[in-house]
Each structure stands twice: as structure tokens, then as C-alpha cells.
$ cat entry.cif   # mmCIF, C-alpha atoms
data_entry
loop_
_atom_site.label_atom_id
_atom_site.label_comp_id
_atom_site.auth_asym_id
_atom_site.auth_seq_id
_atom_site.Cartn_x
_atom_site.Cartn_y
_atom_site.Cartn_z
CA MET A 1 0.00 0.00 0.00
CA THR A 2 1.40 3.38 -1.01
CA HIS A 3 0.94 6.26 1.37
CA GLN A 4 3.39 9.07 1.00
CA THR A 5 4.04 12.40 2.59
CA THR A 6 4.46 15.06 -0.11
CA LEU A 7 5.94 17.80 2.08
CA LEU A 8 8.95 17.65 4.41
CA GLN A 9 10.10 20.60 6.51
CA TYR A 10 13.16 21.84 8.38
CA GLU A 11 13.76 24.97 10.45
CA ALA A 12 17.43 25.99 10.47
CA PRO A 13 18.98 27.92 13.36
CA TRP A 14 19.97 30.67 10.90
CA PRO A 15 18.82 32.15 7.57
CA VAL A 16 19.63 29.66 4.80
CA TYR A 17 21.06 30.69 1.44
CA ALA A 18 22.95 27.98 -0.44
CA LEU A 19 21.61 24.43 -0.54
CA ASP A 20 22.03 21.23 -2.55
CA TRP A 21 20.49 17.77 -2.47
CA CYS A 22 22.91 14.83 -2.34
CA LYS A 23 23.31 13.17 -5.72
CA THR A 24 23.58 9.55 -4.45
CA PRO A 25 22.84 7.60 -1.27
CA ALA A 26 25.77 7.45 1.12
CA PRO A 27 28.47 4.92 0.09
CA GLY A 28 27.95 1.61 1.86
CA GLN A 29 24.58 2.86 3.21
CA GLN A 30 22.25 1.39 0.60
CA ILE A 31 20.57 -0.54 3.41
CA ARG A 32 19.53 2.84 4.81
CA PRO A 33 17.54 4.46 2.02
CA ARG A 34 16.99 7.61 4.07
CA SER A 35 20.54 8.66 3.12
CA ALA A 36 19.08 9.69 -0.27
CA PHE A 37 17.32 12.48 1.68
CA ARG A 38 20.33 14.55 2.73
CA LEU A 39 20.74 18.27 2.10
CA GLY A 40 23.81 20.44 2.36
CA ILE A 41 22.90 23.96 3.52
CA SER A 42 24.73 27.17 4.39
CA SER A 43 23.90 30.20 6.50
CA LEU A 44 23.65 33.83 5.42
CA THR A 45 24.57 36.18 8.25
CA ASP A 46 26.50 39.43 7.91
CA ASP A 47 29.42 38.39 10.08
CA PHE A 48 32.31 35.92 10.08
CA ARG A 49 30.36 33.25 11.97
CA ASN A 50 28.61 31.55 9.06
CA ARG A 51 28.18 27.78 9.06
CA ILE A 52 27.47 24.94 6.69
CA ALA A 53 25.52 21.88 7.75
CA ILE A 54 24.32 18.52 6.50
CA VAL A 55 20.76 17.66 7.42
CA GLY A 56 19.06 14.32 6.91
CA LEU A 57 15.78 12.54 7.55
CA GLN A 58 15.51 11.69 11.19
CA ASP A 59 13.53 8.55 10.37
CA GLU A 60 12.24 6.89 7.20
CA ARG A 61 8.78 6.76 8.75
CA VAL A 62 8.27 10.51 8.27
CA LEU A 63 7.86 9.66 4.56
CA VAL A 64 4.67 7.66 5.15
CA GLU A 65 3.26 8.36 8.60
CA ASP A 66 1.73 11.45 10.08
CA ASP A 67 2.42 10.34 13.67
CA TYR A 68 5.79 12.05 13.50
CA ALA A 69 4.30 15.52 13.17
CA ASP A 70 5.64 16.43 16.60
CA TYR A 71 9.19 16.09 15.35
CA ALA A 72 11.16 17.85 12.65
CA ASP A 73 11.35 15.82 9.44
CA PHE A 74 15.05 16.65 9.10
CA VAL A 75 17.71 16.87 11.78
CA THR A 76 21.26 18.25 11.65
CA LEU A 77 23.73 15.42 11.11
CA THR A 78 26.87 17.57 11.34
CA ASP A 79 27.98 21.16 10.75
CA ALA A 80 31.16 23.21 10.36
CA HIS A 81 32.38 26.79 10.62
CA HIS A 82 32.56 28.61 7.24
CA GLY A 83 33.43 32.22 8.11
CA TYR A 84 32.12 34.31 5.26
CA PRO A 85 28.77 33.17 3.79
CA ALA A 86 28.92 30.44 1.17
CA THR A 87 27.80 31.81 -2.20
CA SER A 88 27.27 28.25 -3.47
CA LEU A 89 27.31 24.75 -1.96
CA GLN A 90 27.27 21.54 -4.00
CA TRP A 91 27.57 17.82 -3.34
CA GLN A 92 29.96 15.80 -5.47
CA PRO A 93 28.47 14.59 -8.78
CA ALA A 94 27.24 10.98 -8.86
CA SER A 95 30.26 10.09 -11.00
CA ALA A 96 32.59 10.92 -8.10
CA ASN A 97 31.84 7.62 -6.37
CA SER A 98 33.61 5.70 -9.15
CA PHE A 99 36.39 8.26 -9.70
CA ASN A 100 39.92 7.22 -8.73
CA TRP A 101 40.68 9.92 -6.15
CA SER A 102 44.26 10.08 -4.93
CA GLN A 103 43.50 11.11 -1.35
CA LYS A 104 39.89 10.28 -0.47
CA ALA A 105 38.51 7.45 1.63
CA GLY A 106 36.13 5.22 -0.30
CA VAL A 107 33.24 5.64 2.12
CA SER A 108 33.45 9.42 2.32
CA GLU A 109 31.82 12.01 0.07
CA LEU A 110 32.97 15.43 -1.05
CA LEU A 111 31.13 18.75 -0.89
CA ALA A 112 32.40 22.09 -2.10
CA THR A 113 31.59 25.70 -1.27
CA THR A 114 32.58 29.08 -2.64
CA GLY A 115 32.94 32.36 -0.75
CA ASP A 116 36.31 33.95 -0.09
CA ALA A 117 37.83 30.71 -1.48
CA LEU A 118 36.87 27.40 -3.08
CA ARG A 119 36.64 24.97 -0.18
CA VAL A 120 36.50 21.20 -0.59
CA TRP A 121 34.97 19.29 2.34
CA GLU A 122 35.01 15.58 3.14
CA TYR A 123 31.92 14.11 4.77
CA ALA A 124 31.95 10.70 6.42
CA ASN A 125 29.48 8.76 8.53
CA ASP A 126 31.04 5.99 10.59
CA GLY A 127 27.83 5.18 12.44
CA GLN A 128 25.80 2.13 11.43
CA GLN A 129 23.04 2.83 13.92
CA GLY A 130 19.57 1.40 13.61
CA MET A 131 16.60 3.03 12.00
CA SER A 132 15.35 5.02 14.97
CA GLN A 133 18.76 6.36 15.94
CA TYR A 134 17.71 9.94 16.51
CA VAL A 135 13.94 10.18 16.53
CA GLY A 136 12.90 13.48 18.01
CA ARG A 137 16.33 14.81 18.79
CA PRO A 138 19.33 16.05 16.80
CA ALA A 139 22.10 13.59 16.11
CA SER A 140 24.78 14.26 18.69
CA GLY A 141 27.86 13.48 16.69
CA GLY A 142 26.70 9.97 15.86
CA GLY A 143 29.71 9.31 13.65
CA HIS A 144 28.96 12.12 11.15
CA ARG A 145 32.07 14.20 10.36
CA LEU A 146 32.55 17.17 8.02
CA THR A 147 36.21 18.13 7.62
CA LEU A 148 37.87 20.76 5.47
CA ARG A 149 40.08 19.10 2.90
CA ALA A 150 41.36 22.12 0.94
CA ALA A 151 40.85 25.89 0.67
CA LEU A 152 41.85 27.13 -2.79
CA SER A 153 42.24 30.81 -3.62
CA GLY A 154 44.72 31.63 -6.33
CA GLN A 155 46.63 34.79 -7.10
CA SER A 156 44.27 37.10 -8.98
CA LYS A 157 45.23 38.09 -12.52
CA VAL A 158 43.66 41.50 -12.15
CA GLN A 159 44.20 42.42 -8.51
CA ASN A 160 47.45 43.00 -6.67
CA ASN A 161 46.53 41.48 -3.33
CA SER A 162 47.98 38.08 -2.51
CA THR A 163 44.65 36.31 -1.98
CA GLY A 164 42.08 35.74 -4.68
CA ALA A 165 38.97 37.88 -4.97
CA PRO A 166 35.62 36.58 -3.62
CA LEU A 167 34.03 33.78 -5.64
CA THR A 168 30.39 34.00 -6.72
CA ASN A 169 29.69 30.44 -7.88
CA PHE A 170 31.16 27.25 -9.32
CA SER A 171 30.36 24.29 -11.54
CA TRP A 172 31.48 20.73 -10.80
CA ASN A 173 32.31 18.67 -13.88
CA GLU A 174 30.25 15.47 -14.00
CA LYS A 175 32.40 13.71 -16.59
CA SER A 176 35.64 14.38 -14.70
CA PRO A 177 34.74 15.21 -11.08
CA SER A 178 38.25 16.42 -10.25
CA LEU A 179 37.51 19.52 -12.40
CA VAL A 180 35.76 22.55 -10.89
CA VAL A 181 35.43 25.97 -12.55
CA THR A 182 34.81 29.02 -10.34
CA SER A 183 33.55 32.53 -11.16
CA SER A 184 34.75 35.65 -9.37
CA ILE A 185 33.91 39.31 -8.88
CA ASP A 186 37.36 40.15 -10.29
CA THR A 187 36.09 39.31 -13.87
CA THR A 188 37.91 35.95 -13.96
CA CYS A 189 37.04 32.28 -14.13
CA THR A 190 39.46 29.66 -12.77
CA VAL A 191 39.56 25.95 -13.58
CA TRP A 192 40.81 23.84 -10.66
CA ASN A 193 41.91 20.24 -10.23
CA ILE A 194 40.54 19.60 -6.74
CA ASP A 195 42.24 16.19 -6.52
CA THR A 196 45.67 17.84 -6.66
CA SER A 197 44.52 21.24 -5.26
CA THR A 198 46.01 23.11 -8.20
CA ALA A 199 44.72 25.79 -10.58
CA ILE A 200 44.80 24.58 -14.19
CA THR A 201 44.07 27.96 -15.77
CA GLN A 202 42.64 31.36 -14.94
CA LEU A 203 41.16 33.61 -17.60
CA ILE A 204 39.63 37.08 -17.73
CA ALA A 205 36.11 36.12 -18.78
CA HIS A 206 34.03 39.31 -18.65
CA ASP A 207 34.32 43.09 -18.49
CA ARG A 208 32.77 43.15 -15.01
CA GLU A 209 31.94 40.69 -12.21
CA VAL A 210 31.22 37.06 -13.20
CA TYR A 211 28.14 35.74 -11.40
CA ASP A 212 27.73 32.14 -12.57
CA VAL A 213 29.45 29.46 -14.60
CA ALA A 214 28.42 26.05 -15.99
CA TRP A 215 30.20 23.21 -17.75
CA LEU A 216 28.66 22.07 -21.02
CA PRO A 217 27.16 18.64 -20.17
CA ASN A 218 29.47 15.74 -21.12
CA SER A 219 32.37 18.11 -21.86
CA THR A 220 35.61 18.64 -19.97
CA ASP A 221 36.65 21.54 -22.26
CA ILE A 222 33.71 23.93 -22.79
CA PHE A 223 31.99 26.05 -20.16
CA VAL A 224 29.79 29.14 -20.23
CA SER A 225 29.56 32.12 -17.87
CA VAL A 226 27.30 35.10 -17.19
CA GLY A 227 27.99 38.33 -15.40
CA ALA A 228 27.42 41.97 -14.59
CA ASP A 229 28.29 43.05 -18.14
CA GLY A 230 25.04 41.39 -19.30
CA SER A 231 26.71 38.83 -21.54
CA LEU A 232 26.64 35.04 -21.79
CA ARG A 233 29.97 33.74 -23.05
CA ALA A 234 31.33 30.33 -24.02
CA PHE A 235 34.95 29.27 -23.48
CA ASP A 236 36.90 26.28 -24.77
CA LEU A 237 39.98 25.26 -22.78
CA ARG A 238 41.58 24.04 -26.03
CA SER A 239 41.53 27.55 -27.53
CA LEU A 240 41.44 30.20 -24.83
CA GLU A 241 42.63 33.04 -27.02
CA HIS A 242 39.02 33.97 -27.74
CA SER A 243 35.54 33.45 -26.32
CA THR A 244 32.16 33.33 -28.05
CA ILE A 245 29.43 35.75 -26.97
CA LEU A 246 26.18 33.77 -27.18
CA TYR A 247 23.86 36.48 -25.84
CA GLU A 248 23.95 40.06 -24.60
CA THR A 249 21.11 41.71 -22.74
CA PRO A 250 19.48 44.51 -24.71
CA ALA A 251 20.43 48.08 -23.88
CA PRO A 252 17.98 49.55 -21.35
CA LYS A 253 14.99 51.41 -22.75
CA ASN A 254 14.13 55.02 -21.99
CA VAL A 255 17.74 55.94 -21.29
CA PRO A 256 18.68 59.38 -22.62
CA PRO A 257 21.09 59.22 -25.55
CA PRO A 258 24.75 59.72 -24.69
CA PRO A 259 26.27 63.18 -25.23
CA SER A 260 27.67 64.09 -28.62
CA SER A 261 31.14 62.88 -27.66
CA PRO A 262 30.31 59.71 -25.78
CA SER A 263 32.90 58.30 -23.44
CA GLN A 264 33.01 54.72 -22.22
CA SER A 265 31.42 55.77 -18.92
CA ALA A 266 28.50 57.42 -20.70
CA ARG A 267 27.31 54.15 -22.24
CA PRO A 268 24.37 52.81 -20.20
CA HIS A 269 25.03 49.54 -18.43
CA THR A 270 22.98 46.60 -19.64
CA SER A 271 21.19 44.45 -17.08
CA PRO A 272 23.44 41.85 -15.40
CA LEU A 273 22.74 38.16 -15.97
CA LEU A 274 22.75 36.27 -12.65
CA ARG A 275 22.47 32.52 -13.36
CA ILE A 276 23.06 30.08 -16.19
CA ALA A 277 22.00 26.41 -16.36
CA PHE A 278 21.97 23.84 -19.18
CA ASP A 279 19.01 21.61 -20.01
CA PRO A 280 20.54 18.25 -18.97
CA GLN A 281 18.72 16.33 -21.71
CA ASP A 282 19.45 18.77 -24.56
CA SER A 283 22.54 20.84 -23.93
CA ASN A 284 21.75 23.16 -26.84
CA TYR A 285 19.33 24.87 -24.45
CA MET A 286 20.29 27.10 -21.53
CA SER A 287 18.25 29.10 -19.04
CA THR A 288 19.19 32.47 -17.56
CA PHE A 289 17.61 35.56 -16.01
CA HIS A 290 18.42 39.23 -15.48
CA GLN A 291 19.04 41.00 -12.22
CA ASP A 292 15.64 42.14 -10.89
CA GLY A 293 14.06 40.36 -13.87
CA GLN A 294 10.71 38.56 -13.68
CA ASP A 295 11.15 36.50 -16.87
CA ILE A 296 13.37 33.52 -17.71
CA GLN A 297 15.27 33.56 -21.00
CA ILE A 298 15.76 30.23 -22.80
CA LEU A 299 18.68 30.34 -25.22
CA ASP A 300 19.64 27.90 -27.97
CA MET A 301 23.35 27.52 -28.72
CA ARG A 302 22.45 26.93 -32.38
CA SER A 303 20.71 30.32 -32.55
CA PRO A 304 22.80 32.68 -30.44
CA GLY A 305 22.02 36.36 -30.11
CA GLN A 306 18.48 36.29 -28.77
CA PRO A 307 16.29 34.01 -26.63
CA VAL A 308 14.23 31.36 -28.40
CA MET A 309 11.76 31.38 -25.47
CA GLU A 310 10.80 33.57 -22.56
CA LEU A 311 8.92 32.23 -19.55
CA HIS A 312 6.50 34.81 -18.12
CA ALA A 313 4.59 34.13 -14.92
CA HIS A 314 6.54 35.41 -11.92
CA ARG A 315 5.38 38.68 -10.36
CA GLY A 316 8.62 39.52 -8.57
CA PRO A 317 12.38 39.34 -9.15
CA ILE A 318 13.62 35.80 -9.84
CA ASN A 319 16.17 34.40 -7.39
CA GLY A 320 17.07 30.97 -8.71
CA LEU A 321 16.50 28.23 -11.27
CA GLY A 322 17.40 24.60 -11.77
CA TRP A 323 16.64 21.65 -14.03
CA SER A 324 15.52 18.24 -12.83
CA SER A 325 17.53 15.21 -13.94
CA THR A 326 14.82 12.97 -15.38
CA ASP A 327 14.52 11.94 -19.03
CA SER A 328 12.13 14.84 -19.66
CA PRO A 329 13.48 17.50 -17.29
CA LEU A 330 11.38 20.25 -15.78
CA LEU A 331 12.82 23.71 -15.11
CA ALA A 332 12.11 25.07 -11.63
CA THR A 333 12.20 28.81 -10.90
CA VAL A 334 11.78 30.69 -7.59
CA ALA A 335 11.24 34.38 -6.94
CA ASP A 336 10.37 37.15 -4.50
CA ASP A 337 6.69 36.60 -5.35
CA CYS A 338 6.79 33.56 -2.97
CA GLN A 339 6.26 31.24 -5.95
CA LEU A 340 7.98 28.04 -7.04
CA LEU A 341 7.05 27.40 -10.68
CA LEU A 342 7.80 24.27 -12.73
CA TRP A 343 8.06 24.55 -16.50
CA ASP A 344 8.03 21.97 -19.30
CA ILE A 345 9.57 23.60 -22.35
CA VAL A 346 9.68 20.46 -24.55
CA PRO A 347 6.43 21.29 -26.41
CA TYR A 348 7.84 24.71 -27.32
CA LYS A 349 11.18 23.60 -28.71
CA GLN A 350 11.75 24.04 -32.42
CA VAL A 351 14.63 22.59 -34.38
CA PRO A 352 16.47 25.33 -36.23
CA ALA A 353 17.28 24.75 -39.88
CA ALA A 354 20.94 24.26 -40.68
CA SER A 355 22.78 27.47 -39.93
CA PRO A 356 26.18 28.59 -41.14
CA ARG A 357 28.92 27.35 -38.84
CA ASN A 358 31.55 29.64 -37.45
CA ALA A 359 34.67 27.65 -38.27
CA SER A 360 36.81 29.26 -35.60
CA SER A 361 34.52 28.44 -32.68
CA GLY A 362 32.45 25.48 -33.85
CA LEU A 363 29.36 27.37 -32.70
CA SER A 364 26.51 28.39 -34.97
CA SER A 365 26.21 31.92 -36.28
CA PRO A 366 23.21 34.06 -35.27
CA ARG A 367 20.03 33.35 -37.17
CA PRO A 368 17.47 36.15 -37.11
CA ASP A 369 14.62 33.98 -38.39
CA VAL A 370 14.06 31.99 -35.16
CA LYS A 371 10.94 33.45 -33.56
CA LYS A 372 10.90 33.90 -29.81
CA ARG A 373 8.10 31.98 -28.12
CA VAL A 374 6.50 33.34 -24.97
CA VAL A 375 5.45 30.66 -22.47
CA SER A 376 3.13 31.83 -19.69
CA GLU A 377 1.71 28.54 -18.39
CA PRO A 378 3.86 26.67 -15.87
CA VAL A 379 2.89 23.03 -15.33
CA MET A 380 2.97 23.35 -11.52
CA ALA A 381 3.02 26.14 -8.96
CA TYR A 382 3.60 26.25 -5.21
CA THR A 383 3.16 29.35 -3.06
CA GLY A 384 5.38 29.69 0.00
CA GLN A 385 4.88 31.81 3.09
CA SER A 386 7.59 34.31 2.08
CA GLU A 387 10.11 35.10 -0.66
CA ILE A 388 11.79 31.97 -2.00
CA THR A 389 15.52 32.55 -2.32
CA ASN A 390 16.93 29.27 -3.62
CA LEU A 391 16.11 25.73 -4.75
CA ALA A 392 17.68 22.30 -5.22
CA TRP A 393 16.38 19.21 -7.05
CA SER A 394 16.88 15.69 -5.76
CA PRO A 395 17.92 12.99 -8.21
CA GLN A 396 15.34 10.30 -8.94
CA ILE A 397 14.82 8.54 -5.59
CA ALA A 398 13.78 4.89 -5.59
CA GLY A 399 10.67 3.71 -3.80
CA MET A 400 11.05 2.26 -0.30
CA THR A 401 9.18 -0.34 1.72
CA MET A 402 8.81 0.35 5.43
CA PRO A 403 8.77 -2.33 8.15
CA THR A 404 5.03 -1.62 8.52
CA GLY A 405 4.49 -2.68 4.90
CA LEU A 406 3.75 0.83 3.65
CA THR A 407 5.65 1.82 0.51
CA THR A 408 6.70 5.09 -1.10
CA ALA A 409 6.55 5.77 -4.81
CA PRO A 410 9.76 6.61 -6.69
CA GLY A 411 10.19 10.16 -7.89
CA GLU A 412 11.89 13.49 -7.50
CA TRP A 413 11.79 16.07 -4.74
CA ILE A 414 12.61 19.76 -4.81
CA ALA A 415 13.85 21.73 -1.80
CA ILE A 416 13.28 25.48 -1.46
CA THR A 417 14.56 28.04 1.06
CA MET A 418 12.55 30.83 2.69
CA GLY A 419 14.47 32.60 5.44
CA LYS A 420 15.24 29.93 8.04
CA SER A 421 12.68 27.50 6.58
CA ILE A 422 13.37 24.70 4.12
CA LYS A 423 10.52 22.85 2.48
CA ALA A 424 11.00 19.70 0.38
CA LEU A 425 8.14 18.98 -2.01
CA LYS A 426 7.45 15.72 -3.85
CA VAL A 427 7.05 16.51 -7.55
#
$ encode --input "entry.cif" --output "C-alpha cells"
Amino acid sequence: MTHQTTLLQYEAPWPVYALDWCKTPAPGQQIRPRSAFRLGISSLTDDFRNRIAIVGLQDERVLVEDDYADYADFVTLTDAHHGYPATSLQWQPASANSFNWSQKAGVSELLATTGDALRVWEYANDGQQGMSQYVGRPASGGGHRLTLRAALSGQSKVQNNSTGAPLTNFSWNEKSPSLVVTSSIDTTCTVWNIDTSTAITQLIAHDREVYDVAWLPNSTDIFVSVGADGSLRAFDLRSLEHSTILYETPAPKNVPPPPSSPSQSARPHTSPLLRIAFDPQDSNYMSTFHQDGQDIQILDMRSPGQPVMELHAHRGPINGLGWSSTDSPLLATVADDCQLLLWDIVPYKQVPAASPRNASSGLSSPRPDVKKRVVSEPVMAYTGQSEITNLAWSPQIAGMTMPTGLTTAPGEWIAITMGKSIKALKV
């Protein structure tokens, strides 16, 4: 008999900003399916006392029974001091479990954070306690350990100080999980080998701050970045002498024309682009949004220059987006309008006719004949109690059978943050 909770909740001791859902159950813990329900979270306080934590289901039975309403669904498994707030937190990709790491224990997992540096953390759980190990109370140690493995901040190419500038985000390569690319406010992106704790290359990527970066799926050479200069750019590690501008935000409307002898400073700034994410099933498509923007732009690498779709439904500035990992992925977006919206863009995709190739970059040239489609009907919506600041998808989680005989259906979950509250929703 299937009887499943569709909402799990957690109240953190501090405002939550960054979060990520673990990509695999804990190594060696397949007998404890609740390890698929672990979140990494970070605090956002304006001091040097920020923390990161790993939270997990306190008991599998919260997935099927309402008798546990007196207790939190999640409890803190372990936490660590982080200093400055983490701008991003991510669990290792699923491929990391089979990667031949030079210095990592087989039963541990890696997490990474960015802030004043790229930090790599090792998480291990030595405890093999029974199912009801910590019902109703936080795990007190319990064998869960989160230790700092490396803090990487290279010499900046564009600043004279000895430490690197603050990092805004990073992307973990799924094909080769030793590769991480970071973005920085000093206009650079840096590619790191986190297994050897060395910087492979650093490049000046934008004219202003870089806000997000993403590896092209299934590539260890190509990544894209967005930033305060309003551009989306693609880079290839095999030919770093040039980048390809895939999209630039339009110049702002209703801005008075520059004086008769315009200087560089007189040119109006375009709107910054804050996030970039690839459609995991069709990496021609990317999603992005503008600072203070209420619409999502969907871009097609084969038709650079302008969006092929815009998603219109939010009524406040968008804060985050992310794609699910199923065969037909949904795009989730969250905003200051307290809404989580899920979008299915597959029905709106159109295959561009063959376009002239740019021989130097391997990327298609702009094609003005692709019409932009406006999508205003999300497939699902959830309204939270306050502004939703971030989100994280789970991977597909298998169904479970409880000792009572009740079962849960397989599927995906999505976690969202609102102040100190985290809600996980079954999709």
C-alpha cells in the first residue's frame, strides 16, 4: 500500500542561502535508504560566523506516517564553521563515487563551497546505527564528520593582493569530477583540479563581475559564464585566445542618448545576468535571467544572439532556477513573489534549420529567423509563506518499503529556502 508524505520541513537555526540535495545515497549505506534524503545547507549572516551543515531525515517513517508531526522531518547530522557566507554549496556529482581519487577514503563524500575561497569538504558517517537512531532529537555526533580538505584561492590576474577575490559560484564537472570551474567578482574564471589542489588555468572572462558558470554537459573543455556586463559567453579550454558571446542583454529602454562625444562611462550599463543552467537532456538549451528580472530567457546555442523562449509568470524578481535530472526534465524557478514554478519547455522547442557554422569556434552563427516563443503557463506552482531565495532538485529517488508494509513511490523532490525554513516537495 502506497501512502506518502508530499511535504517535508526543516527549520534551520539561521537564515539559509545555499543548498544542494545529495546526488547519491551514502556509500555503503544502501541498506539505509533515508541517506538519499540529505541536504547540504549554508547560512547567510553578515558576520564571520557563518556555518554549513548537513541535514538528513531523522527517520524513514516521516515519509509515510503522520504520527511524527511532533518532530522535525530533518535533523542536523553535522555542521562546520565557514566564516564568510557560502555563495554556493554543492555535493559531489554521482560520477565521483567511481572516480579514482588520490586522497579520499572510499566511504566518504565530497562537498564544495565558494565564498572567499573554493573549499572542498570531506563528509563521512562511521555510524551504522539502527533506524530510529535519533527520533525526536538532533544527532549528537553519531559518527557524522565534516572536515575541510582544501581551501583554494589563487593569485588574482587583475588584482594586486595576494589572496584571490571573492568567488560567486562554481560548476562541478560530472564527466571528470576532479575539475571545478569558479567565477569571481574580479572578472575571472578559474579551472581547478581539486584532486591535486592546483589551478589549471585562470582567464579574464568578462568586463565586469562574473556571477555564474556552468560546464557544457558531457564536456571537460567547454563552459559558459554570465555576469554583470550582461553577456553570456562560451569558453573552450583548447583555444582560450578567444571566447564566443552567445547572448547580450538589450540596452535599457528610456535611457537618454549619450552626449555628442560619448565616453566609455556614458554608455548605459545593460542588465546583469545572474544565473546560467543547461538543459541536462538537450545541452543546446540554456536558461538564464536578469538582475531584478521577472522572466526567464531560454537560449539555444544553435541560434545565439536572442532568446528562443521567454517564460512569463513570476510577479517579482527571480532568485534561482534549476533543471531536474529525469529523461524529460522540468525547469524550476523561484522568486520574491513567494512562488515556485515548474516549467516543461519540450512542447515549445523548435529545431532550427541548418545554420552557417563559425569555423573558428564550432558554434553556430546568429540566425534572425528563429521566432521567440512566450510561455506563460507553468505546469505546476507552489506558493510559499515568504520570498523563496533558492532551490535544489533531488535525483530520482527509488521507492522504499517500510517495516510496517507501507511503501513510497519513486520520484523526484525539490527543496526550497525561505528565510530559516526549508521545504521539500514531492514533484
$ residues_around --input "entry.cif" --residues "A:Thr188" --least-positions-apart "3" --cutoff "7 Å" --atoms "only C-alpha atoms" --output "list in words"
Ser183, Ser184, Gln202, Leu203, Ile204, Ala205, His206 and Val210 of chain A
$ residues_near_point --input "entry.cif" --point "(17.0, 15.2, 11.7)" --cutoff "6 Å" --atoms "all atoms listed in the file" --output "ChimeraX atom specification"
/A:56-58,74-76,138
$ resolve_selection --input "entry.cif" --expression "the PyMOL selection byres ((chain A and resi 92) around 8)" --output "list of chain:residue names"
A:Cys22, A:Lys23, A:Gln90, A:Trp91, A:Pro93, A:Ala94, A:Ser95, A:Ala96, A:Glu109, A:Leu110, A:Leu111, A:Ala112, A:Trp172, A:Pro177
$ residues_around --input "entry.cif" --residues "A:Leu321" --least-positions-apart "6" --cutoff "9 Å" --atoms "all atoms listed in the file" --output "MDAnalysis selection string"
chainID A and resid 275:277 287:289 296 331:334 390:392
$ closest_residue --input "entry.cif" --among "A:Leu118, A:Val379, A:Ala335, A:Ala313" --to "A:Ala165" --atoms "all atoms listed in the file"
A:Leu118
$ atom_distance --input "entry.cif" --atom1 "atom CA of A:Leu273" --atom2 "atom CA of A:Ser243"
17.1 Å
$ residues_near_point --input "entry.cif" --point "(-0.3, 32.0, -21.7)" --cutoff "12 Å" --atoms "only C-alpha atoms" --output "ChimeraX atom specification"
/A:310-313,373-379
$ resolve_selection --input "entry.cif" --expression "the PyMOL selection byres ((chain A and resi 345) around 9)" --output "MDAnalysis selection string"
chainID A and resid 309 329:331 343:344 346:349 375
$ atom_distance --input "entry.cif" --atom1 "atom CA of A:Ser98" --atom2 "atom CA of A:Ser42"
26.9 Å
$ resolve_selection --input "entry.cif" --expression "the PyMOL selection byres ((chain A and resi 102) around 12)" --output "list in words"
Phe99, Asn100, Trp101, Gln103, Lys104, Ala105, Gly106, Ser178, Asn193, Ile194, Asp195, Thr196 and Ser197 of chain A
$ closest_residue --input "entry.cif" --among "A:Gln281, A:Thr5, A:Ser325, A:Asn169" --to "A:Glu412" --atoms "all atoms listed in the file"
A:Ser325
$ atom_distance --input "entry.cif" --atom1 "atom CA of A:Ser88" --atom2 "atom CA of A:Leu19"
7.4 Å
$ closest_residue --input "entry.cif" --among "A:Lys175, A:Lys372, A:Arg38, A:His290" --to "A:Leu77" --atoms "only C-alpha atoms"
A:Arg38
$ closest_residue --input "entry.cif" --among "A:Ala398, A:Met418, A:Gly405, A:Lys253" --to "A:Ser386" --atoms "only C-alpha atoms"
A:Met418
$ residues_around --input "entry.cif" --residues "A:Ala80" --least-positions-apart "3" --cutoff "7 Å" --atoms "all atoms listed in the file" --output "PyMOL selection string"
chain A and resi 51-53+146
